[in-house]
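Pasting start-v4.tsv here (TSV, C-alpha atoms):
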```tsv
chain	number	residue	atom	x	y	z
A	1	MET	CA	9.42	3.58	-21.87
A	2	THR	CA	6.86	3.04	-24.58
A	3	THR	CA	6.17	5.89	-26.94
A	4	THR	CA	2.90	6.03	-28.83
A	5	LEU	CA	2.81	7.86	-32.14
A	6	GLU	CA	-0.57	9.19	-33.21
A	7	THR	CA	-1.38	10.43	-36.68
A	8	PRO	CA	-3.79	13.40	-36.73
A	9	ARG	CA	-6.99	12.93	-38.71
A	10	ARG	CA	-8.01	15.44	-41.38
A	11	SER	CA	-10.63	15.52	-44.10
A	12	ALA	CA	-9.63	15.22	-47.75
A	13	GLY	CA	-8.75	18.58	-49.17
A	14	GLY	CA	-8.95	20.31	-45.79
A	15	PRO	CA	-6.11	22.14	-44.11
A	16	ALA	CA	-3.73	19.96	-42.13
A	17	PRO	CA	-3.83	20.71	-38.42
A	18	ALA	CA	-0.67	22.10	-36.91
A	19	PRO	CA	1.25	19.20	-35.31
A	20	GLY	CA	2.07	21.24	-32.22
A	21	ARG	CA	-1.54	22.22	-31.54
A	22	THR	CA	-2.76	18.64	-32.13
A	23	GLY	CA	-0.20	17.27	-29.73
A	24	ALA	CA	-1.11	19.83	-27.09
A	25	ALA	CA	-4.83	19.08	-27.47
A	26	THR	CA	-4.18	15.34	-27.16
A	27	ALA	CA	-2.11	15.91	-24.05
A	28	ARG	CA	-4.87	18.06	-22.51
A	29	ARG	CA	-7.46	15.34	-23.22
A	30	ARG	CA	-5.25	12.74	-21.58
A	31	GLU	CA	-4.73	14.92	-18.52
A	32	LEU	CA	-8.49	15.54	-18.31
A	33	ARG	CA	-9.24	11.83	-18.63
A	34	LYS	CA	-6.77	10.97	-15.88
A	35	SER	CA	-8.13	13.70	-13.63
A	36	LEU	CA	-11.65	12.33	-14.14
A	37	THR	CA	-10.40	8.81	-13.37
A	38	LEU	CA	-8.88	10.09	-10.13
A	39	ALA	CA	-12.13	11.88	-9.23
A	40	VAL	CA	-14.18	8.74	-9.94
A	41	GLY	CA	-11.77	6.67	-7.86
A	42	LEU	CA	-12.14	9.11	-4.97
A	43	VAL	CA	-15.96	9.00	-5.13
A	44	VAL	CA	-15.96	5.19	-5.32
A	45	SER	CA	-13.61	5.05	-2.32
A	46	VAL	CA	-15.91	7.23	-0.20
A	47	LEU	CA	-18.95	5.14	-1.16
A	48	ALA	CA	-17.05	1.91	-0.44
A	49	LEU	CA	-16.06	3.21	3.00
A	50	LEU	CA	-19.69	4.05	3.81
A	51	ILE	CA	-20.94	0.64	2.62
A	52	ALA	CA	-18.16	-1.23	4.44
A	53	VAL	CA	-19.24	0.31	7.75
A	54	THR	CA	-22.74	-1.13	7.28
A	55	ILE	CA	-21.46	-4.72	6.87
A	56	GLY	CA	-21.91	-6.79	10.02
A	57	THR	CA	-24.43	-8.52	12.26
A	58	ALA	CA	-25.70	-5.31	13.88
A	59	GLY	CA	-28.05	-3.75	11.34
A	60	VAL	CA	-26.97	-0.20	10.50
A	61	GLY	CA	-27.52	1.67	7.24
A	62	VAL	CA	-25.65	4.29	5.28
A	63	THR	CA	-27.84	7.03	6.76
A	64	ASP	CA	-26.86	5.86	10.26
A	65	VAL	CA	-23.20	6.08	9.29
A	66	VAL	CA	-23.60	9.59	7.87
A	67	ARG	CA	-25.54	10.66	10.96
A	68	SER	CA	-22.88	9.23	13.29
A	69	VAL	CA	-20.08	11.02	11.45
A	70	GLN	CA	-22.09	14.24	11.51
A	71	VAL	CA	-22.65	13.99	15.27
A	72	SER	CA	-18.99	13.10	15.92
A	73	VAL	CA	-17.65	16.00	13.87
A	74	PHE	CA	-20.19	18.77	14.45
A	75	GLY	CA	-21.75	17.59	17.71
A	76	GLY	CA	-25.41	16.90	18.47
A	77	THR	CA	-27.80	14.89	20.60
A	78	ILE	CA	-27.85	11.09	20.41
A	79	SER	CA	-31.28	9.60	21.05
A	80	ALA	CA	-31.67	6.49	23.20
A	81	ASP	CA	-32.73	4.29	20.28
A	82	PHE	CA	-29.71	5.40	18.24
A	83	ALA	CA	-27.09	5.08	20.99
A	84	SER	CA	-26.37	1.42	20.30
A	85	SER	CA	-25.88	1.95	16.56
A	86	TYR	CA	-23.75	5.03	17.24
A	87	ALA	CA	-21.45	3.05	19.55
A	88	VAL	CA	-21.08	0.19	17.04
A	89	ILE	CA	-20.28	2.59	14.19
A	90	THR	CA	-17.88	4.96	15.96
A	91	GLN	CA	-16.12	2.51	18.26
A	92	LEU	CA	-15.90	-0.65	16.16
A	93	ARG	CA	-16.61	-0.39	12.46
A	94	LEU	CA	-15.45	3.08	11.48
A	95	PRO	CA	-11.93	2.66	12.96
A	96	ARG	CA	-11.72	-0.75	11.33
A	97	VAL	CA	-12.57	0.32	7.79
A	98	LEU	CA	-10.49	3.51	8.01
A	99	LEU	CA	-7.45	1.56	9.24
A	100	ALA	CA	-7.92	-1.01	6.46
A	101	PHE	CA	-8.13	1.74	3.83
A	102	ALA	CA	-5.15	3.70	5.19
A	103	ALA	CA	-3.01	0.56	5.52
A	104	GLY	CA	-3.82	-0.54	1.97
A	105	ALA	CA	-3.06	2.92	0.63
A	106	ALA	CA	0.29	3.04	2.44
A	107	LEU	CA	1.36	-0.40	1.21
A	108	SER	CA	0.33	0.38	-2.36
A	109	VAL	CA	2.25	3.67	-2.42
A	110	SER	CA	5.24	1.83	-0.95
A	111	GLY	CA	5.00	-0.70	-3.78
A	112	VAL	CA	4.84	2.02	-6.45
A	113	LEU	CA	7.97	3.68	-5.06
A	114	MET	CA	9.95	0.44	-4.92
A	115	GLN	CA	8.86	-0.68	-8.39
A	116	GLY	CA	9.68	2.70	-9.92
A	117	LEU	CA	13.05	3.17	-8.20
A	118	LEU	CA	14.18	-0.42	-8.89
A	119	ARG	CA	12.54	-0.44	-12.33
A	120	ASN	CA	10.78	-3.76	-11.86
A	121	PRO	CA	7.04	-4.52	-11.53
A	122	LEU	CA	7.57	-7.57	-9.29
A	123	VAL	CA	9.19	-5.69	-6.42
A	124	SER	CA	7.15	-4.93	-3.29
A	125	PRO	CA	7.73	-4.66	0.48
A	126	PHE	CA	6.69	-8.31	0.81
A	127	THR	CA	8.84	-9.78	-1.98
A	128	LEU	CA	11.95	-7.95	-0.72
A	129	GLY	CA	11.49	-9.36	2.78
A	130	VAL	CA	10.73	-5.96	4.36
A	131	SER	CA	7.33	-6.94	5.79
A	132	PRO	CA	8.52	-10.22	7.41
A	133	ALA	CA	11.49	-8.35	8.89
A	134	ALA	CA	9.18	-5.67	10.31
A	135	ALA	CA	6.97	-8.37	11.81
A	136	PHE	CA	10.01	-9.97	13.43
A	137	GLY	CA	11.09	-6.61	14.84
A	138	ALA	CA	7.64	-6.06	16.37
A	139	ALA	CA	7.53	-9.64	17.69
A	140	LEU	CA	10.99	-9.24	19.25
A	141	VAL	CA	9.90	-6.09	21.09
A	142	ILE	CA	6.73	-7.83	22.34
A	143	THR	CA	8.74	-10.78	23.59
A	144	LEU	CA	11.33	-8.65	25.38
A	145	ALA	CA	8.93	-6.10	26.87
A	146	GLY	CA	5.84	-8.22	27.43
A	147	THR	CA	2.33	-7.24	26.35
A	148	ASN	CA	1.12	-5.55	29.55
A	149	GLN	CA	3.45	-2.53	29.59
A	150	LEU	CA	4.08	-2.24	25.89
A	151	PRO	CA	3.50	1.23	24.39
A	152	ALA	CA	2.45	1.44	20.74
A	153	TRP	CA	5.56	3.38	19.73
A	154	ALA	CA	7.83	0.54	20.88
A	155	THR	CA	6.46	-1.91	18.32
A	156	ILE	CA	6.62	0.77	15.63
A	157	ILE	CA	10.29	1.45	16.34
A	158	GLY	CA	11.08	-2.27	16.52
A	159	ALA	CA	9.39	-2.92	13.17
A	160	MET	CA	10.92	0.13	11.53
A	161	VAL	CA	14.50	-0.49	12.68
A	162	MET	CA	14.44	-4.11	11.54
A	163	SER	CA	12.87	-3.31	8.17
A	164	LEU	CA	15.35	-0.49	7.50
A	165	MET	CA	18.25	-2.80	8.37
A	166	VAL	CA	16.99	-5.50	6.01
A	167	SER	CA	16.35	-2.99	3.22
A	168	ALA	CA	19.84	-1.55	3.58
A	169	LEU	CA	21.32	-5.05	3.61
A	170	VAL	CA	19.38	-6.34	0.58
A	171	LEU	CA	19.80	-3.22	-1.56
A	172	GLY	CA	23.41	-2.75	-0.44
A	173	ILE	CA	24.37	-6.29	-1.42
A	174	ALA	CA	22.47	-5.98	-4.69
A	175	THR	CA	24.28	-2.73	-5.55
A	176	ALA	CA	27.73	-3.93	-4.49
A	177	ARG	CA	27.44	-7.22	-6.40
A	178	ARG	CA	25.63	-5.63	-9.35
A	179	MET	CA	22.87	-8.22	-9.05
A	180	ALA	CA	20.22	-8.80	-11.69
A	181	VAL	CA	16.62	-8.25	-10.63
A	182	ALA	CA	15.95	-12.01	-10.49
A	183	THR	CA	18.81	-12.43	-8.02
A	184	LEU	CA	17.53	-9.48	-5.99
A	185	LEU	CA	14.11	-11.11	-5.72
A	186	LEU	CA	15.69	-14.43	-4.71
A	187	LEU	CA	17.64	-12.57	-2.02
A	188	GLY	CA	14.35	-11.05	-0.83
A	189	ILE	CA	12.73	-14.50	-0.70
A	190	ALA	CA	15.69	-15.80	1.32
A	191	MET	CA	15.29	-12.90	3.77
A	192	THR	CA	11.58	-13.67	4.01
A	193	GLN	CA	12.30	-17.28	4.96
A	194	ILE	CA	14.94	-16.28	7.51
A	195	PHE	CA	12.72	-13.76	9.31
A	196	GLU	CA	9.68	-16.02	9.23
A	197	ALA	CA	11.83	-18.70	10.88
A	198	LEU	CA	13.04	-16.19	13.50
A	199	THR	CA	9.45	-15.14	14.22
A	200	SER	CA	8.45	-18.81	14.55
A	201	ALA	CA	11.32	-19.31	17.01
A	202	LEU	CA	9.98	-16.43	19.13
A	203	GLN	CA	6.51	-17.99	19.04
A	204	PHE	CA	7.97	-21.33	20.14
A	205	THR	CA	9.53	-19.79	23.26
A	206	ALA	CA	6.78	-17.24	24.10
A	207	ASN	CA	4.20	-17.54	26.87
A	208	GLU	CA	0.48	-17.66	26.13
A	209	ASN	CA	-0.20	-13.91	26.13
A	210	THR	CA	2.88	-13.02	24.14
A	211	LEU	CA	2.21	-15.83	21.67
A	212	GLN	CA	-1.28	-14.47	20.98
A	213	ALA	CA	0.11	-10.99	20.30
A	214	ILE	CA	2.81	-12.33	17.96
A	215	ILE	CA	0.36	-14.50	16.00
A	216	ARG	CA	-1.68	-11.38	15.31
A	217	TRP	CA	1.24	-10.05	13.29
A	218	THR	CA	1.76	-13.27	11.35
A	219	PHE	CA	-1.88	-13.40	10.18
A	220	GLY	CA	-2.32	-9.74	9.33
A	221	SER	CA	-5.52	-8.30	10.73
A	222	VAL	CA	-7.44	-5.09	11.49
A	223	ASN	CA	-9.71	-6.77	14.06
A	224	ASP	CA	-8.53	-4.69	17.03
A	225	ALA	CA	-8.42	-1.35	15.22
A	226	GLY	CA	-8.68	1.75	17.40
A	227	TRP	CA	-8.71	5.47	16.72
A	228	ASP	CA	-5.06	5.80	17.78
A	229	ASP	CA	-4.07	3.26	15.10
A	230	VAL	CA	-6.13	5.11	12.49
A	231	LEU	CA	-4.57	8.42	13.49
A	232	ILE	CA	-0.94	7.25	13.20
A	233	VAL	CA	-1.27	5.19	10.00
A	234	GLY	CA	-3.59	7.80	8.44
A	235	ILE	CA	-1.33	10.77	9.16
A	236	ILE	CA	1.76	9.00	7.81
A	237	THR	CA	-0.12	8.02	4.65
A	238	VAL	CA	-1.64	11.47	4.13
A	239	VAL	CA	1.78	13.09	4.54
A	240	ALA	CA	3.56	10.56	2.31
A	241	VAL	CA	1.32	10.86	-0.76
A	242	PRO	CA	1.89	14.62	-1.44
A	243	LEU	CA	5.54	14.22	-0.50
A	244	THR	CA	6.03	11.54	-3.15
A	245	LEU	CA	4.05	13.60	-5.64
A	246	TRP	CA	6.61	16.39	-5.19
A	247	PHE	CA	9.26	14.03	-6.62
A	248	SER	CA	6.99	12.32	-9.17
A	249	LYS	CA	8.72	13.85	-12.22
A	250	ASP	CA	12.13	12.74	-10.94
A	251	LEU	CA	10.67	9.30	-10.29
A	252	ASN	CA	9.37	9.23	-13.86
A	253	ALA	CA	12.86	9.99	-15.16
A	254	ILE	CA	14.43	7.13	-13.17
A	255	ALA	CA	11.66	4.61	-13.89
A	256	PHE	CA	11.33	5.28	-17.63
A	257	ALA	CA	14.78	6.44	-18.72
A	258	GLY	CA	17.21	4.90	-16.23
A	259	ASP	CA	19.79	6.37	-13.87
A	260	ASP	CA	22.18	7.81	-16.46
A	261	ALA	CA	19.46	9.57	-18.42
A	262	ALA	CA	17.87	10.83	-15.20
A	263	ARG	CA	21.20	12.37	-14.16
A	264	SER	CA	21.41	14.10	-17.52
A	265	PHE	CA	17.98	15.64	-16.74
A	266	GLY	CA	19.37	17.06	-13.51
A	267	VAL	CA	18.00	14.42	-11.12
A	268	ASN	CA	20.15	13.74	-8.06
A	269	VAL	CA	19.59	9.99	-8.37
A	270	GLY	CA	21.51	8.60	-5.39
A	271	PRO	CA	20.04	10.71	-2.53
A	272	LEU	CA	16.58	10.60	-4.14
A	273	ARG	CA	16.63	6.81	-4.33
A	274	ILE	CA	17.83	6.45	-0.73
A	275	GLY	CA	15.25	8.94	0.57
A	276	LEU	CA	12.28	7.46	-1.27
A	277	ILE	CA	13.27	3.85	-0.46
A	278	ALA	CA	13.48	4.89	3.21
A	279	LEU	CA	10.01	6.42	2.92
A	280	ALA	CA	8.66	3.26	1.23
A	281	VAL	CA	10.14	1.06	3.96
A	282	THR	CA	8.76	3.36	6.67
A	283	LEU	CA	5.25	3.12	5.22
A	284	ALA	CA	5.43	-0.68	5.13
A	285	ALA	CA	6.96	-0.93	8.61
A	286	VAL	CA	4.31	1.27	10.24
A	287	VAL	CA	1.50	-0.73	8.62
A	288	VAL	CA	3.05	-4.03	9.70
A	289	SER	CA	3.54	-2.77	13.26
A	290	PHE	CA	-0.21	-2.08	13.56
A	291	CYS	CA	-1.79	-4.66	11.24
A	292	GLY	CA	0.79	-7.43	10.88
A	293	ILE	CA	2.00	-9.01	7.64
A	294	ILE	CA	-0.36	-8.17	4.80
A	295	GLY	CA	1.38	-9.41	1.70
A	296	PHE	CA	0.80	-8.60	-1.95
A	297	VAL	CA	-1.11	-5.30	-1.50
A	298	GLY	CA	2.11	-3.49	-2.39
A	299	LEU	CA	2.29	-5.65	-5.51
A	300	VAL	CA	-1.33	-5.86	-6.66
A	301	GLY	CA	-2.41	-2.29	-5.80
A	302	PRO	CA	0.10	-0.59	-8.14
A	303	HIS	CA	-0.76	-2.93	-11.03
A	304	ILE	CA	-4.49	-2.24	-10.68
A	305	ALA	CA	-3.70	1.49	-10.69
A	306	ARG	CA	-1.50	1.23	-13.81
A	307	LEU	CA	-4.26	-0.56	-15.70
A	308	ALA	CA	-6.69	2.23	-14.82
A	309	ILE	CA	-4.61	5.38	-15.14
A	310	GLY	CA	-1.25	4.57	-16.73
A	311	ALA	CA	2.34	4.62	-15.50
A	312	ASP	CA	2.90	8.38	-15.07
A	313	HIS	CA	3.74	8.71	-11.37
A	314	ARG	CA	2.00	12.11	-11.13
A	315	HIS	CA	-1.31	10.24	-11.43
A	316	LEU	CA	-0.19	6.73	-10.51
A	317	LEU	CA	0.81	7.56	-6.92
A	318	PRO	CA	-2.55	9.00	-5.74
A	319	PHE	CA	-4.57	6.42	-7.69
A	320	ALA	CA	-2.43	3.58	-6.28
A	321	ALA	CA	-3.29	4.88	-2.81
A	322	LEU	CA	-6.99	4.60	-3.70
A	323	SER	CA	-6.67	1.17	-5.35
A	324	GLY	CA	-4.63	-0.26	-2.46
A	325	GLY	CA	-7.07	1.15	0.07
A	326	LEU	CA	-10.05	-0.27	-1.82
A	327	LEU	CA	-8.34	-3.66	-2.21
A	328	LEU	CA	-7.74	-4.03	1.53
A	329	LEU	CA	-11.20	-2.65	2.33
A	330	VAL	CA	-12.88	-5.24	0.07
A	331	ALA	CA	-10.65	-8.03	1.39
A	332	ASP	CA	-11.62	-7.15	4.97
A	333	ALA	CA	-15.32	-7.06	4.03
A	334	VAL	CA	-14.98	-10.51	2.42
A	335	GLY	CA	-13.21	-11.81	5.51
A	336	ARG	CA	-16.04	-10.57	7.72
A	337	THR	CA	-18.85	-12.10	5.64
A	338	VAL	CA	-17.59	-15.28	3.97
A	339	ILE	CA	-17.94	-17.50	7.08
A	340	ALA	CA	-19.77	-15.06	9.41
A	341	PRO	CA	-19.92	-14.74	12.37
A	342	ALA	CA	-16.29	-15.91	12.29
A	343	VAL	CA	-13.83	-13.36	10.85
A	344	VAL	CA	-11.05	-14.40	8.47
A	345	PRO	CA	-7.95	-12.16	8.96
A	346	VAL	CA	-7.49	-9.77	6.08
A	347	GLY	CA	-3.93	-11.00	5.47
A	348	ILE	CA	-5.26	-14.45	4.57
A	349	VAL	CA	-7.88	-13.06	2.17
A	350	VAL	CA	-5.34	-10.82	0.43
A	351	ALA	CA	-2.92	-13.76	0.06
A	352	PHE	CA	-5.64	-15.69	-1.82
A	353	ILE	CA	-5.89	-12.76	-4.25
A	354	GLY	CA	-2.24	-11.75	-4.42
A	355	GLY	CA	-0.70	-15.21	-4.83
A	356	PRO	CA	-2.33	-15.99	-8.21
A	357	VAL	CA	-1.71	-12.42	-9.41
A	358	PHE	CA	1.99	-12.75	-8.53
A	359	ILE	CA	2.23	-16.06	-10.44
A	360	TYR	CA	0.49	-14.43	-13.42
A	361	LEU	CA	2.95	-11.54	-13.40
A	362	ILE	CA	5.93	-13.89	-13.24
A	363	LEU	CA	4.63	-15.88	-16.21
A	364	THR	CA	3.74	-12.82	-18.30
A	365	ARG	CA	6.67	-10.53	-17.38
A	366	ARG	CA	9.52	-12.98	-17.79
A	367	ASN	CA	11.58	-10.41	-19.67
A	368	THR	CA	11.69	-8.14	-16.63
A	369	LEU	CA	13.48	-10.86	-14.67
A	370	LYS	CA	16.40	-11.11	-17.06
```
Take the structure in this file and express it as structure tokens.
Amino acid sequence: MTTTLETPRRSAGGPAPAPGRTGAATARRRELRKSLTLAVGLVVSVLALLIAVTIGTAGVGVTDVVRSVQVSVFGGTISADFASSYAVITQLRLPRVLLAFAAGAALSVSGVLMQGLLRNPLVSPFTLGVSPAAAFGAALVITLAGTNQLPAWATIIGAMVMSLMVSALVLGIATARRMAVATLLLLGIAMTQIFEALTSALQFTANENTLQAIIRWTFGSVNDAGWDDVLIVGIITVVAVPLTLWFSKDLNAIAFAGDDAARSFGVNVGPLRIGLIALAVTLAAVVVSFCGIIGFVGLVGPHIARLAIGADHRHLLPFAALSGGLLLLVADAVGRTVIAPAVVPVGIVVAFIGGPVFIYLILTRRNTLK
């Protein structure tokens, strides 16, 4: 943890300010600045959601979006000339942008938890092999059950079970063998390759309908978003953020001071790490089960948040949710417009952003790999 020492200013001949009061005032200013940053991030997110709904071939404006939300929430009469716009907004675009934002927020919070608990900025659900394993679990359920009679909860359970198994395997081996972080990441890359190969094997043997459903997971997309998807991913994300905030001080102790020092502060490190890792994996697995593999959001989102608001998890966790949501929202908007009317899956757009950022982090954070 980096400690910054600040020398209080005073005029020549004037009384020296009390160090305690100066420190308290500085801390209050920092808290105020971070609270303002969070508020600005929230406002920008709401505006971005409104603008994202207007993007598309059917011409609708921000006022149409606001009017549609108002009618949906409070009720009202829909005129004949507005019915078409209302249907496009409420049935197609609003679920899409809300699912993209919720999925990005969930993946980013998952990345913050993993990076803090494992004390490494290069760790994410994708680099540890959790997302490919979840995609394989969902693909396996689709293949076994078929697409016609497949309930949504079946793919969620398939993705979650497989991702939890892989997480337990990777972290268990790393703990038992006392692996360095570089070895842990290599183990995650190996798991990624294995589960991508298993998913490819399922694609090779699947029929046409099943193959189409499986490919949706490999690309990562929010094209078929519905209100049920928004409800499930949104509720899990909304519940997870305050839950993680409850443990943010304990997470600070582990991330900045290490396990031994955290224990001396009274933190029950073992159960906390297992519980929060399980929560991080659950967030990633649920997103993958609905949207497919969307890599690098769990890596890039937390780093954007740290640049804006610092590393204190009390502020980092909610701001990472906003930054991850905005990142996926912008990526989906780019995918819808860059070669319109064709739509590029959001997973491909994010990979174009996340790949170079990951290489940059490896080259600039070499010390963290030792």
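Pairwise distance (CA of Ala257 (chain A), CA of Arg119 (chain A)) equals 9.7 Å.
Using all atoms listed in the file for every distance, the candidate list A:Pro151, A:Gly292, A:Pro318, A:Gly324 yields A:Gly292 as the residue closest to Val346 (chain A).
Comparing A:Ser248, A:Thr90, A:Gln70, A:Thr192 by their smallest distance to His315 (chain A), the closest is A:Ser248 (using only C-alpha atoms).
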| request: Please measure the separation of CA of Gly56 (chain A) and CA of Leu299 (chain A), giving the value in Å to one decimal. | output: 28.8 Å
| field | Distance criterion (all atoms listed in the file): nearest to Arg273 (chain A) out of A:Gly220, A:Pro125, A:Pro242, A:Gly116 | value | A:Gly116
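Computed from the coordinates, the CA of Arg306 (chain A) to CA of Asp332 (chain A) distance equals 22.9 Å.
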| field | All residues 9 Å or closer to region 264-267 of chain A, all atoms listed in the file, same chain fewer than 5 positions away omitted, as a ChimeraX atom specification | value | /A:250-251,253-254,259,272
| field | Contacts of Ala311 (chain A) at 10 Å (only C-alpha atoms; same-chain gap of 2+ positions) as a count of residues only | value | 18
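The residue that comes closest to Ala321 (chain A), out of A:Leu113, A:Ile157, A:Val88, A:Ile294 and on the basis of all atoms listed in the file, is A:Leu113.
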Missing atoms of region 189-213 of chain A rebuilt to N, CA and C atoms, written as an mmCIF file, keeping the file's coordinate frame:
```cif
data_model
loop_
_atom_site.group_PDB
_atom_site.id
_atom_site.type_symbol
_atom_site.label_atom_id
_atom_site.label_comp_id
_atom_site.auth_asym_id
_atom_site.auth_seq_id
_atom_site.Cartn_x
_atom_site.Cartn_y
_atom_site.Cartn_z
ATOM 1 N N ILE A 189 13.424 -13.283 -1.149
ATOM 2 C CA ILE A 189 12.730 -14.500 -0.700
ATOM 3 C C ILE A 189 13.519 -15.192 0.407
ATOM 4 N N ALA A 190 14.864 -15.199 0.271
ATOM 5 C CA ALA A 190 15.690 -15.800 1.320
ATOM 6 C C ALA A 190 15.522 -15.044 2.637
ATOM 7 N N MET A 191 15.494 -13.699 2.562
ATOM 8 C CA MET A 191 15.290 -12.900 3.770
ATOM 9 C C MET A 191 13.912 -13.173 4.382
ATOM 10 N N THR A 192 12.922 -13.353 3.520
ATOM 11 C CA THR A 192 11.580 -13.670 4.010
ATOM 12 C C THR A 192 11.586 -14.964 4.806
ATOM 13 N N GLN A 193 12.247 -15.994 4.266
ATOM 14 C CA GLN A 193 12.300 -17.280 4.960
ATOM 15 C C GLN A 193 13.042 -17.165 6.285
ATOM 16 N N ILE A 194 14.151 -16.421 6.284
ATOM 17 C CA ILE A 194 14.940 -16.280 7.510
ATOM 18 C C ILE A 194 14.123 -15.604 8.613
ATOM 19 N N PHE A 195 13.449 -14.497 8.270
ATOM 20 C CA PHE A 195 12.720 -13.760 9.310
ATOM 21 C C PHE A 195 11.434 -14.464 9.720
ATOM 22 N N GLU A 196 10.828 -15.215 8.813
ATOM 23 C CA GLU A 196 9.680 -16.020 9.230
ATOM 24 C C GLU A 196 10.122 -17.115 10.197
ATOM 25 N N ALA A 197 11.309 -17.685 9.962
ATOM 26 C CA ALA A 197 11.830 -18.700 10.880
ATOM 27 C C ALA A 197 12.156 -18.074 12.246
ATOM 28 N N LEU A 198 12.734 -16.866 12.235
ATOM 29 C CA LEU A 198 13.040 -16.190 13.500
ATOM 30 C C LEU A 198 11.763 -15.864 14.277
ATOM 31 N N THR A 199 10.729 -15.419 13.561
ATOM 32 C CA THR A 199 9.450 -15.140 14.220
ATOM 33 C C THR A 199 8.840 -16.415 14.785
ATOM 34 N N SER A 200 8.952 -17.521 14.053
ATOM 35 C CA SER A 200 8.450 -18.810 14.550
ATOM 36 C C SER A 200 9.211 -19.235 15.790
ATOM 37 N N ALA A 201 10.522 -18.960 15.829
ATOM 38 C CA ALA A 201 11.320 -19.310 17.010
ATOM 39 C C ALA A 201 10.846 -18.517 18.230
ATOM 40 N N LEU A 202 10.505 -17.230 18.023
ATOM 41 C CA LEU A 202 9.980 -16.430 19.130
ATOM 42 C C LEU A 202 8.635 -16.979 19.604
ATOM 43 N N GLN A 203 7.802 -17.409 18.660
ATOM 44 C CA GLN A 203 6.510 -17.990 19.040
ATOM 45 C C GLN A 203 6.704 -19.266 19.853
ATOM 46 N N PHE A 204 7.724 -20.042 19.472
ATOM 47 C CA PHE A 204 7.970 -21.330 20.140
ATOM 48 C C PHE A 204 8.352 -21.138 21.606
ATOM 49 N N THR A 205 9.048 -20.014 21.897
ATOM 50 C CA THR A 205 9.530 -19.790 23.260
ATOM 51 C C THR A 205 8.632 -18.831 24.055
ATOM 52 N N ALA A 206 7.589 -18.263 23.436
ATOM 53 C CA ALA A 206 6.780 -17.240 24.100
ATOM 54 C C ALA A 206 5.739 -17.869 25.024
ATOM 55 N N ASN A 207 5.305 -17.069 26.025
ATOM 56 C CA ASN A 207 4.200 -17.540 26.870
ATOM 57 C C ASN A 207 2.873 -17.309 26.146
ATOM 58 N N GLU A 208 1.774 -17.654 26.807
ATOM 59 C CA GLU A 208 0.480 -17.660 26.130
ATOM 60 C C GLU A 208 0.063 -16.275 25.647
ATOM 61 N N ASN A 209 0.213 -15.267 26.509
ATOM 62 C CA ASN A 209 -0.200 -13.910 26.130
ATOM 63 C C ASN A 209 0.664 -13.339 25.012
ATOM 64 N N THR A 210 1.968 -13.531 25.156
ATOM 65 C CA THR A 210 2.880 -13.020 24.140
ATOM 66 C C THR A 210 2.673 -13.735 22.809
ATOM 67 N N LEU A 211 2.427 -15.054 22.898
ATOM 68 C CA LEU A 211 2.210 -15.830 21.670
ATOM 69 C C LEU A 211 0.992 -15.310 20.906
ATOM 70 N N GLN A 212 -0.074 -14.976 21.633
ATOM 71 C CA GLN A 212 -1.280 -14.470 20.980
ATOM 72 C C GLN A 212 -1.006 -13.150 20.266
ATOM 73 N N ALA A 213 -0.207 -12.288 20.919
ATOM 74 C CA ALA A 213 0.110 -10.990 20.300
ATOM 75 C C ALA A 213 0.975 -11.164 19.059
#
```
